[in-house]
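A.B. asks: My structure is in query_2.txt, and what it holds is compact mmCIF, N, CA and C atoms:
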```txt
# COMPACT_ATOMS: atom_id res chain seq x y z
N MET A 1 -28.73 10.08 18.98
CA MET A 1 -28.65 11.50 18.74
C MET A 1 -28.47 12.27 20.05
N ASP A 2 -29.09 11.76 21.11
CA ASP A 2 -28.98 12.44 22.41
C ASP A 2 -27.54 12.44 22.90
N ARG A 3 -26.81 11.33 22.69
CA ARG A 3 -25.40 11.27 23.11
C ARG A 3 -24.56 12.27 22.32
N PHE A 4 -24.85 12.40 21.04
CA PHE A 4 -24.11 13.36 20.21
C PHE A 4 -24.36 14.78 20.69
N LEU A 5 -25.60 15.15 20.95
CA LEU A 5 -25.92 16.49 21.42
C LEU A 5 -25.31 16.78 22.79
N GLU A 6 -25.28 15.78 23.65
CA GLU A 6 -24.66 15.95 24.97
C GLU A 6 -23.15 16.15 24.82
N ALA A 7 -22.51 15.37 23.95
CA ALA A 7 -21.07 15.52 23.71
C ALA A 7 -20.78 16.91 23.13
N LEU A 8 -21.62 17.38 22.25
CA LEU A 8 -21.45 18.72 21.67
C LEU A 8 -21.61 19.80 22.74
N ARG A 9 -22.58 19.62 23.64
CA ARG A 9 -22.78 20.59 24.72
C ARG A 9 -21.55 20.65 25.63
N VAL A 10 -20.98 19.49 25.96
CA VAL A 10 -19.79 19.44 26.82
C VAL A 10 -18.62 20.11 26.12
N GLN A 11 -18.44 19.83 24.84
CA GLN A 11 -17.33 20.43 24.09
C GLN A 11 -17.46 21.95 24.02
N ARG A 12 -18.67 22.43 23.81
CA ARG A 12 -18.88 23.88 23.75
C ARG A 12 -18.61 24.52 25.12
N TRP A 13 -19.03 23.87 26.18
CA TRP A 13 -18.80 24.40 27.52
C TRP A 13 -17.31 24.41 27.83
N ASP A 14 -16.60 23.32 27.47
CA ASP A 14 -15.15 23.27 27.68
C ASP A 14 -14.47 24.40 26.91
N ASP A 15 -14.87 24.61 25.68
CA ASP A 15 -14.27 25.68 24.87
C ASP A 15 -14.49 27.03 25.53
N HIS A 16 -15.70 27.26 26.02
CA HIS A 16 -16.01 28.55 26.63
C HIS A 16 -15.24 28.76 27.93
N ARG A 17 -15.25 27.77 28.82
CA ARG A 17 -14.63 27.98 30.14
C ARG A 17 -13.12 27.90 30.11
N TYR A 18 -12.54 27.16 29.18
CA TYR A 18 -11.09 26.99 29.17
C TYR A 18 -10.37 28.03 28.32
N TYR A 19 -11.00 28.58 27.30
CA TYR A 19 -10.25 29.35 26.31
C TYR A 19 -10.70 30.79 26.12
N HIS A 20 -11.55 31.28 26.97
CA HIS A 20 -12.01 32.65 26.76
C HIS A 20 -11.95 33.47 28.04
N HIS A 21 -10.81 33.39 28.74
CA HIS A 21 -10.63 34.14 29.98
C HIS A 21 -10.16 35.57 29.72
N SER A 22 -9.34 35.74 28.73
CA SER A 22 -8.73 37.03 28.47
C SER A 22 -9.74 38.01 27.88
N ARG A 23 -9.81 39.21 28.45
CA ARG A 23 -10.71 40.25 27.92
C ARG A 23 -10.30 40.66 26.51
N ILE A 24 -9.00 40.65 26.25
CA ILE A 24 -8.53 40.99 24.90
C ILE A 24 -9.01 39.93 23.91
N ASN A 25 -8.90 38.65 24.30
CA ASN A 25 -9.38 37.58 23.43
C ASN A 25 -10.89 37.69 23.22
N GLN A 26 -11.62 38.02 24.26
CA GLN A 26 -13.06 38.19 24.13
C GLN A 26 -13.39 39.34 23.17
N SER A 27 -12.63 40.42 23.27
CA SER A 27 -12.84 41.57 22.38
C SER A 27 -12.52 41.20 20.93
N LEU A 28 -11.45 40.44 20.74
CA LEU A 28 -11.10 40.01 19.38
C LEU A 28 -12.14 39.05 18.82
N HIS A 29 -12.73 38.23 19.68
CA HIS A 29 -13.82 37.36 19.22
C HIS A 29 -15.04 38.19 18.83
N LEU A 30 -15.32 39.25 19.56
CA LEU A 30 -16.42 40.14 19.20
C LEU A 30 -16.16 40.79 17.84
N LEU A 31 -14.95 41.30 17.64
CA LEU A 31 -14.58 41.87 16.34
C LEU A 31 -14.74 40.83 15.24
N SER A 32 -14.30 39.61 15.52
CA SER A 32 -14.42 38.53 14.55
C SER A 32 -15.88 38.25 14.21
N ALA A 33 -16.72 38.18 15.22
CA ALA A 33 -18.15 37.90 14.98
C ALA A 33 -18.80 39.01 14.15
N ILE A 34 -18.49 40.25 14.47
CA ILE A 34 -19.04 41.37 13.71
C ILE A 34 -18.53 41.33 12.26
N SER A 35 -17.26 40.98 12.09
CA SER A 35 -16.70 40.87 10.74
C SER A 35 -17.36 39.76 9.94
N PHE A 36 -17.63 38.63 10.60
CA PHE A 36 -18.33 37.55 9.92
C PHE A 36 -19.75 37.97 9.53
N LEU A 37 -20.45 38.67 10.41
CA LEU A 37 -21.79 39.15 10.07
C LEU A 37 -21.73 40.10 8.88
N PHE A 38 -20.76 41.00 8.87
CA PHE A 38 -20.55 41.90 7.74
C PHE A 38 -20.29 41.09 6.47
N ALA A 39 -19.44 40.07 6.57
CA ALA A 39 -19.11 39.24 5.41
C ALA A 39 -20.35 38.51 4.88
N TYR A 40 -21.20 38.02 5.78
CA TYR A 40 -22.41 37.32 5.35
C TYR A 40 -23.34 38.26 4.58
N VAL A 41 -23.44 39.50 5.02
CA VAL A 41 -24.29 40.47 4.33
C VAL A 41 -23.68 40.84 2.99
N MET A 42 -22.37 41.09 2.97
CA MET A 42 -21.69 41.53 1.75
C MET A 42 -21.54 40.42 0.71
N MET A 43 -21.70 39.17 1.14
CA MET A 43 -21.53 38.04 0.24
C MET A 43 -22.43 38.14 -0.99
N PHE A 44 -23.59 38.76 -0.84
CA PHE A 44 -24.55 38.83 -1.95
C PHE A 44 -24.27 39.98 -2.90
N THR A 45 -23.58 41.02 -2.43
CA THR A 45 -23.33 42.17 -3.29
C THR A 45 -21.87 42.32 -3.68
N ASP A 46 -20.95 41.92 -2.81
CA ASP A 46 -19.52 42.05 -3.11
C ASP A 46 -18.78 40.87 -2.48
N PRO A 47 -18.78 39.72 -3.19
CA PRO A 47 -18.17 38.52 -2.62
C PRO A 47 -16.68 38.66 -2.31
N ALA A 48 -15.96 39.44 -3.10
CA ALA A 48 -14.53 39.61 -2.84
C ALA A 48 -14.31 40.34 -1.52
N LEU A 49 -15.07 41.40 -1.29
CA LEU A 49 -14.96 42.11 -0.02
C LEU A 49 -15.37 41.21 1.15
N ALA A 50 -16.39 40.40 0.94
CA ALA A 50 -16.83 39.47 1.99
C ALA A 50 -15.72 38.48 2.32
N ALA A 51 -15.05 37.96 1.31
CA ALA A 51 -13.96 37.01 1.55
C ALA A 51 -12.81 37.68 2.29
N LEU A 52 -12.49 38.91 1.91
CA LEU A 52 -11.40 39.62 2.59
C LEU A 52 -11.76 39.91 4.04
N ALA A 53 -13.00 40.32 4.28
CA ALA A 53 -13.43 40.59 5.66
C ALA A 53 -13.43 39.30 6.48
N GLY A 54 -13.89 38.22 5.88
CA GLY A 54 -13.95 36.95 6.60
C GLY A 54 -12.58 36.39 6.92
N TRP A 55 -11.68 36.42 5.94
CA TRP A 55 -10.38 35.80 6.16
C TRP A 55 -9.37 36.73 6.79
N LEU A 56 -9.30 37.95 6.32
CA LEU A 56 -8.24 38.83 6.82
C LEU A 56 -8.58 39.45 8.17
N VAL A 57 -9.83 39.77 8.40
CA VAL A 57 -10.20 40.41 9.66
C VAL A 57 -10.72 39.38 10.66
N ALA A 58 -11.76 38.65 10.28
CA ALA A 58 -12.42 37.76 11.23
C ALA A 58 -11.52 36.61 11.68
N MET A 59 -10.96 35.88 10.74
CA MET A 59 -10.15 34.73 11.13
C MET A 59 -8.84 35.15 11.80
N THR A 60 -8.22 36.19 11.30
CA THR A 60 -6.96 36.63 11.88
C THR A 60 -7.15 37.13 13.31
N SER A 61 -8.17 37.94 13.53
CA SER A 61 -8.40 38.46 14.89
C SER A 61 -8.78 37.34 15.86
N ARG A 62 -9.59 36.41 15.42
CA ARG A 62 -10.02 35.31 16.28
C ARG A 62 -8.83 34.44 16.69
N GLN A 63 -8.00 34.08 15.73
CA GLN A 63 -6.87 33.21 16.04
C GLN A 63 -5.78 33.95 16.82
N ALA A 64 -5.59 35.22 16.53
CA ALA A 64 -4.59 36.00 17.27
C ALA A 64 -4.94 36.05 18.76
N GLY A 65 -6.22 36.11 19.06
CA GLY A 65 -6.64 36.10 20.46
C GLY A 65 -6.20 34.85 21.18
N HIS A 66 -6.36 33.71 20.52
CA HIS A 66 -5.94 32.45 21.14
C HIS A 66 -4.42 32.33 21.20
N PHE A 67 -3.75 32.73 20.13
CA PHE A 67 -2.29 32.58 20.08
C PHE A 67 -1.58 33.44 21.12
N PHE A 68 -1.96 34.70 21.18
CA PHE A 68 -1.15 35.67 21.91
C PHE A 68 -1.70 36.09 23.27
N PHE A 69 -3.00 35.99 23.47
CA PHE A 69 -3.57 36.61 24.67
C PHE A 69 -4.18 35.63 25.67
N GLU A 70 -4.38 34.39 25.29
CA GLU A 70 -4.88 33.42 26.26
C GLU A 70 -3.72 32.91 27.11
N PRO A 71 -3.87 32.87 28.43
CA PRO A 71 -2.78 32.39 29.29
C PRO A 71 -2.48 30.92 29.04
N LYS A 72 -1.20 30.59 29.05
CA LYS A 72 -0.76 29.21 28.80
C LYS A 72 -0.32 28.52 30.10
N ASP A 73 -0.48 29.21 31.21
CA ASP A 73 -0.08 28.61 32.48
C ASP A 73 -1.25 27.83 33.08
N TYR A 74 -1.08 27.40 34.31
CA TYR A 74 -2.10 26.60 34.99
C TYR A 74 -3.37 27.43 35.18
N ASP A 75 -4.51 26.85 34.84
CA ASP A 75 -5.80 27.51 34.97
C ASP A 75 -6.34 27.26 36.38
N VAL A 76 -6.17 28.24 37.24
CA VAL A 76 -6.55 28.11 38.65
C VAL A 76 -8.07 28.02 38.78
N VAL A 77 -8.80 28.80 38.00
CA VAL A 77 -10.26 28.81 38.11
C VAL A 77 -10.84 27.43 37.82
N ASN A 78 -10.36 26.79 36.75
CA ASN A 78 -10.88 25.48 36.34
C ASN A 78 -10.02 24.32 36.81
N GLN A 79 -8.92 24.62 37.49
CA GLN A 79 -7.98 23.62 37.98
C GLN A 79 -7.58 22.63 36.88
N ALA A 80 -7.00 23.20 35.83
CA ALA A 80 -6.57 22.39 34.69
C ALA A 80 -5.27 22.95 34.12
N SER A 81 -4.40 22.07 33.72
CA SER A 81 -3.15 22.52 33.10
C SER A 81 -3.39 22.83 31.63
N HIS A 82 -2.48 23.59 31.05
CA HIS A 82 -2.57 23.92 29.63
C HIS A 82 -2.50 22.64 28.79
N GLU A 83 -1.66 21.70 29.20
CA GLU A 83 -1.50 20.44 28.47
C GLU A 83 -2.82 19.66 28.46
N TYR A 84 -3.49 19.62 29.61
CA TYR A 84 -4.78 18.92 29.69
C TYR A 84 -5.80 19.57 28.76
N LYS A 85 -5.85 20.89 28.79
CA LYS A 85 -6.82 21.60 27.96
C LYS A 85 -6.56 21.36 26.47
N GLU A 86 -5.30 21.33 26.08
CA GLU A 86 -4.95 21.06 24.68
C GLU A 86 -5.29 19.62 24.29
N GLU A 87 -5.16 18.71 25.25
CA GLU A 87 -5.43 17.30 24.98
C GLU A 87 -6.91 17.04 24.73
N ILE A 88 -7.78 17.71 25.48
CA ILE A 88 -9.22 17.45 25.33
C ILE A 88 -9.87 18.31 24.26
N LYS A 89 -9.14 19.26 23.74
CA LYS A 89 -9.72 20.17 22.75
C LYS A 89 -10.12 19.41 21.48
N VAL A 90 -11.29 19.71 20.99
CA VAL A 90 -11.78 19.13 19.76
C VAL A 90 -11.41 20.07 18.62
N GLY A 91 -10.98 19.53 17.52
CA GLY A 91 -10.63 20.38 16.39
C GLY A 91 -9.17 20.78 16.43
N TYR A 92 -8.92 22.06 16.26
CA TYR A 92 -7.55 22.54 16.14
C TYR A 92 -7.00 23.02 17.47
N ASN A 93 -6.05 22.27 18.03
CA ASN A 93 -5.34 22.77 19.19
C ASN A 93 -4.29 23.76 18.70
N LEU A 94 -3.54 24.35 19.61
CA LEU A 94 -2.61 25.41 19.21
C LEU A 94 -1.55 24.92 18.22
N GLN A 95 -1.06 23.71 18.40
CA GLN A 95 -0.05 23.19 17.47
C GLN A 95 -0.63 23.05 16.06
N ARG A 96 -1.84 22.53 15.95
CA ARG A 96 -2.48 22.40 14.64
C ARG A 96 -2.79 23.77 14.04
N LYS A 97 -3.16 24.73 14.89
CA LYS A 97 -3.43 26.08 14.40
C LYS A 97 -2.18 26.74 13.84
N VAL A 98 -1.04 26.49 14.47
CA VAL A 98 0.21 27.05 13.95
C VAL A 98 0.47 26.52 12.55
N VAL A 99 0.28 25.23 12.35
CA VAL A 99 0.48 24.63 11.02
C VAL A 99 -0.52 25.22 10.03
N LEU A 100 -1.79 25.27 10.42
CA LEU A 100 -2.82 25.79 9.53
C LEU A 100 -2.59 27.25 9.16
N MET A 101 -2.26 28.08 10.15
CA MET A 101 -2.05 29.50 9.87
C MET A 101 -0.77 29.73 9.06
N THR A 102 0.23 28.89 9.23
CA THR A 102 1.44 28.99 8.41
C THR A 102 1.13 28.67 6.95
N ILE A 103 0.38 27.61 6.73
CA ILE A 103 -0.03 27.27 5.36
C ILE A 103 -0.86 28.40 4.77
N TRP A 104 -1.79 28.94 5.56
CA TRP A 104 -2.65 30.04 5.09
C TRP A 104 -1.82 31.27 4.72
N ALA A 105 -0.86 31.61 5.56
CA ALA A 105 -0.05 32.80 5.31
C ALA A 105 0.88 32.62 4.11
N LEU A 106 1.36 31.39 3.89
CA LEU A 106 2.29 31.14 2.79
C LEU A 106 1.59 30.76 1.48
N SER A 107 0.28 30.59 1.50
CA SER A 107 -0.42 30.13 0.30
C SER A 107 -0.28 31.05 -0.92
N PRO A 108 -0.13 32.37 -0.78
CA PRO A 108 0.09 33.19 -1.99
C PRO A 108 1.49 33.06 -2.58
N LEU A 109 2.42 32.47 -1.85
CA LEU A 109 3.81 32.40 -2.30
C LEU A 109 3.99 31.73 -3.67
N PRO A 110 3.31 30.62 -3.99
CA PRO A 110 3.48 30.04 -5.32
C PRO A 110 3.11 30.99 -6.46
N LEU A 111 2.16 31.90 -6.21
CA LEU A 111 1.77 32.86 -7.25
C LEU A 111 2.89 33.85 -7.55
N TYR A 112 3.76 34.10 -6.59
CA TYR A 112 4.89 34.97 -6.82
C TYR A 112 5.84 34.36 -7.86
N PHE A 113 6.04 33.06 -7.75
CA PHE A 113 6.96 32.37 -8.66
C PHE A 113 6.32 32.01 -10.00
N ASP A 114 5.01 31.72 -10.00
CA ASP A 114 4.31 31.39 -11.23
C ASP A 114 2.90 31.98 -11.15
N PRO A 115 2.69 33.18 -11.73
CA PRO A 115 1.37 33.83 -11.63
C PRO A 115 0.22 33.03 -12.22
N THR A 116 0.50 32.05 -13.06
CA THR A 116 -0.57 31.22 -13.60
C THR A 116 -0.90 30.03 -12.70
N LEU A 117 -0.11 29.82 -11.66
CA LEU A 117 -0.22 28.67 -10.76
C LEU A 117 -0.28 27.38 -11.58
N PHE A 118 0.79 27.18 -12.36
CA PHE A 118 0.98 26.00 -13.20
C PHE A 118 -0.10 25.87 -14.27
N GLY A 119 -0.55 27.03 -14.80
CA GLY A 119 -1.52 27.04 -15.89
C GLY A 119 -2.97 27.06 -15.46
N ILE A 120 -3.24 27.12 -14.19
CA ILE A 120 -4.63 27.12 -13.71
C ILE A 120 -5.29 28.47 -13.94
N PHE A 121 -4.55 29.57 -13.71
CA PHE A 121 -5.10 30.92 -13.81
C PHE A 121 -4.50 31.67 -14.98
N THR A 122 -5.23 32.70 -15.41
CA THR A 122 -4.69 33.65 -16.37
C THR A 122 -3.99 34.73 -15.57
N PRO A 123 -2.74 35.04 -15.92
CA PRO A 123 -2.02 36.04 -15.11
C PRO A 123 -2.65 37.42 -15.25
N HIS A 124 -2.56 38.19 -14.20
CA HIS A 124 -3.08 39.55 -14.17
C HIS A 124 -2.20 40.44 -15.04
N THR A 125 -2.85 41.30 -15.83
CA THR A 125 -2.09 42.26 -16.63
C THR A 125 -2.40 43.65 -16.12
N VAL A 126 -1.39 44.48 -16.10
CA VAL A 126 -1.54 45.85 -15.60
C VAL A 126 -1.94 46.75 -16.75
N ARG A 127 -2.98 47.54 -16.55
CA ARG A 127 -3.40 48.50 -17.56
C ARG A 127 -2.85 49.86 -17.18
N SER A 128 -2.11 50.44 -18.09
CA SER A 128 -1.53 51.74 -17.78
C SER A 128 -2.37 52.88 -18.30
N ASN A 129 -3.37 52.58 -19.12
CA ASN A 129 -4.26 53.65 -19.60
C ASN A 129 -5.63 53.51 -18.96
N TYR A 130 -6.50 54.41 -19.28
CA TYR A 130 -7.84 54.42 -18.71
C TYR A 130 -8.85 53.90 -19.71
N SER A 131 -8.57 52.78 -20.38
CA SER A 131 -9.45 52.28 -21.42
C SER A 131 -10.64 51.51 -20.86
N SER A 132 -10.54 51.03 -19.65
CA SER A 132 -11.63 50.27 -19.06
C SER A 132 -12.71 51.22 -18.55
N PRO A 133 -13.99 50.86 -18.72
CA PRO A 133 -15.07 51.72 -18.19
C PRO A 133 -14.98 51.92 -16.68
N ARG A 134 -14.50 50.92 -15.95
CA ARG A 134 -14.38 51.06 -14.49
C ARG A 134 -13.20 51.94 -14.12
N MET A 135 -12.29 52.15 -15.04
CA MET A 135 -11.09 52.93 -14.76
C MET A 135 -11.11 54.26 -15.50
N SER A 136 -12.30 54.80 -15.78
CA SER A 136 -12.37 56.05 -16.52
C SER A 136 -11.84 57.20 -15.68
N ARG A 137 -11.39 58.22 -16.37
CA ARG A 137 -10.82 59.37 -15.68
C ARG A 137 -11.92 60.14 -14.96
N PRO A 138 -11.62 60.67 -13.80
CA PRO A 138 -12.62 61.49 -13.11
C PRO A 138 -12.89 62.77 -13.87
N ALA A 139 -14.04 63.38 -13.59
CA ALA A 139 -14.47 64.58 -14.32
C ALA A 139 -13.48 65.73 -14.15
N TRP A 140 -12.81 65.82 -13.02
CA TRP A 140 -11.90 66.93 -12.76
C TRP A 140 -10.54 66.73 -13.42
N TYR A 141 -10.26 65.52 -13.92
CA TYR A 141 -8.93 65.21 -14.47
C TYR A 141 -8.67 66.01 -15.73
N GLY A 142 -7.57 66.67 -15.80
CA GLY A 142 -7.16 67.40 -17.00
C GLY A 142 -7.68 68.82 -17.10
N ARG A 143 -8.49 69.25 -16.16
CA ARG A 143 -8.98 70.65 -16.19
C ARG A 143 -7.86 71.59 -15.80
N PRO A 144 -7.81 72.72 -16.43
CA PRO A 144 -6.78 73.69 -16.04
C PRO A 144 -7.03 74.22 -14.62
N LYS A 145 -5.97 74.42 -13.90
CA LYS A 145 -6.10 74.94 -12.54
C LYS A 145 -6.35 76.43 -12.61
N SER A 146 -7.28 76.90 -11.78
CA SER A 146 -7.59 78.33 -11.80
C SER A 146 -6.91 79.07 -10.70
```
Let me see the file written as structure tokens.

C.D. replies:
Amino acid sequence: MDRFLEALRVQRWDDHRYYHHSRINQSLHLLSAISFLFAYVMMFTDPALAALAGWLVAMTSRQAGHFFFEPKDYDVVNQASHEYKEEIKVGYNLQRKVVLMTIWALSPLPLYFDPTLFGIFTPHTVRSNYSSPRMSRPAWYGRPKS
């Protein structure tokens, strides 16, 4: 267990020193962390909002920081090339992240062609009237203008 914890400590230190130089990336990570905290709180009262905050805000901002704002040239401070840093990275290096984020971004596409997703889901129907209790007309609706 001690070897595992030591390996984890080294990996975390490598992640911190190699991939968080950019202030913009650090700011996006802060936004991501705050969004995740918001999502954890909202998970108990509004799971849909929590999922949207977690995936659309937190994950997108975190990954955008790595994609666009981290320098890809030689790391003078740590004396390491970008290739070396990508080689030792545990988990998703930039190439794997591109594949993962492409799949994530294109995942709603099958629903465009088949809203039932091959019979798994019931397709959404649009209600044009206010028959649902959640869609009731506001109190001011239909009053004559004075």

A.B. asks: Once you count all atoms listed in the file, which residues end up no further than 5 Å from (-17.7, 37.1, 3.1) in the file's frame, shown as a ChimeraX atom specification?

C.D. replies: /A:39-40,43,50-51,54

A.B. asks: Closest to His20 of chain A among A:Pro71, A:Leu100, A:Pro115, A:Met42, using only N, CA and C atoms?

C.D. replies: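 Nearest to His20 of chain A: A:Pro71.
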
A.B. asks: Kindly give the distance, in Å, that separates atom CA of Ile88 of chain A and atom CA of Arg3 of chain A, rounded to a single decimal.

C.D. replies: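 Value for the atom CA of Ile88 of chain A-atom CA of Arg3 of chain A distance: 17.5 Å.
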
A.B. asks: Taking the DSSP secondary structure from the backbone, can you list the residues of chain A that are helix (DSSP H, G or I), as a ChimeraX atom specification?

C.D. replies: /A:2-19,23-42,47-69,82-88,94-106,109-113,133-135

A.B. asks: Hey, what's within 6 Å of Phe69 of chain A if we count only N, CA and C atoms and toss same-chain stuff fewer than 4 positions away? As JSON, numbers by chain, please?

C.D. replies: {"A": [22, 25, 64, 65]}

A.B. asks: Work out how far atom CA of Phe38 of chain A is from atom CA of Gln95 of chain A, in Å to one decimal.

C.D. replies: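 If I compute the distance from atom CA of Gln95 of chain A to atom CA of Phe38 of chain A, I get 29.4 Å.
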
A.B. asks: Report as a PyMOL selection string all protein, DNA and RNA residues lying within 7 Å of Arg62 of chain A, evaluated on only C-alpha atoms, omitting residues in the same chain fewer than 3 positions from it.

C.D. replies: chain A and resi 28-29+32+58-59+65-66

A.B. asks: Work out how far apart atom C of Phe67 of chain A and atom N of Val98 of chain A are and give it in Å to one decimal.

C.D. replies: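 Separation between atom C of Phe67 of chain A and atom N of Val98 of chain A: 9.6 Å.
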
A.B. asks: Would you mind telling me which residue in A:Ser61, A:Ala48, A:Arg9, A:Phe4 lies nearest to Leu31 of chain A when using only C-alpha atoms?

C.D. replies: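 Comparing A:Ser61, A:Ala48, A:Arg9, A:Phe4 against Leu31 of chain A, the winner is A:Ser61.
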
A.B. asks: Could you name the residues that touch Asn78 of chain A at 10 Å or less, counting only C-alpha atoms, but leaving out those on the same chain fewer than 4 positions away, as an mmCIF file with N, CA and C atoms, in the frame of the given file?

C.D. replies:
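result_23.cif, freshly written:
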```
data_model
loop_
_atom_site.group_PDB
_atom_site.id
_atom_site.type_symbol
_atom_site.label_atom_id
_atom_site.label_comp_id
_atom_site.auth_asym_id
_atom_site.auth_seq_id
_atom_site.Cartn_x
_atom_site.Cartn_y
_atom_site.Cartn_z
ATOM 1 N N ASP A 14 -16.600 23.320 27.470
ATOM 2 C CA ASP A 14 -15.150 23.270 27.680
ATOM 3 C C ASP A 14 -14.470 24.400 26.910
ATOM 4 N N ARG A 17 -15.250 27.770 28.820
ATOM 5 C CA ARG A 17 -14.630 27.980 30.140
ATOM 6 C C ARG A 17 -13.120 27.900 30.110
ATOM 7 N N TYR A 18 -12.540 27.160 29.180
ATOM 8 C CA TYR A 18 -11.090 26.990 29.170
ATOM 9 C C TYR A 18 -10.370 28.030 28.320
ATOM 10 N N TYR A 74 -1.080 27.400 34.310
ATOM 11 C CA TYR A 74 -2.100 26.600 34.990
ATOM 12 C C TYR A 74 -3.370 27.430 35.180
#
```
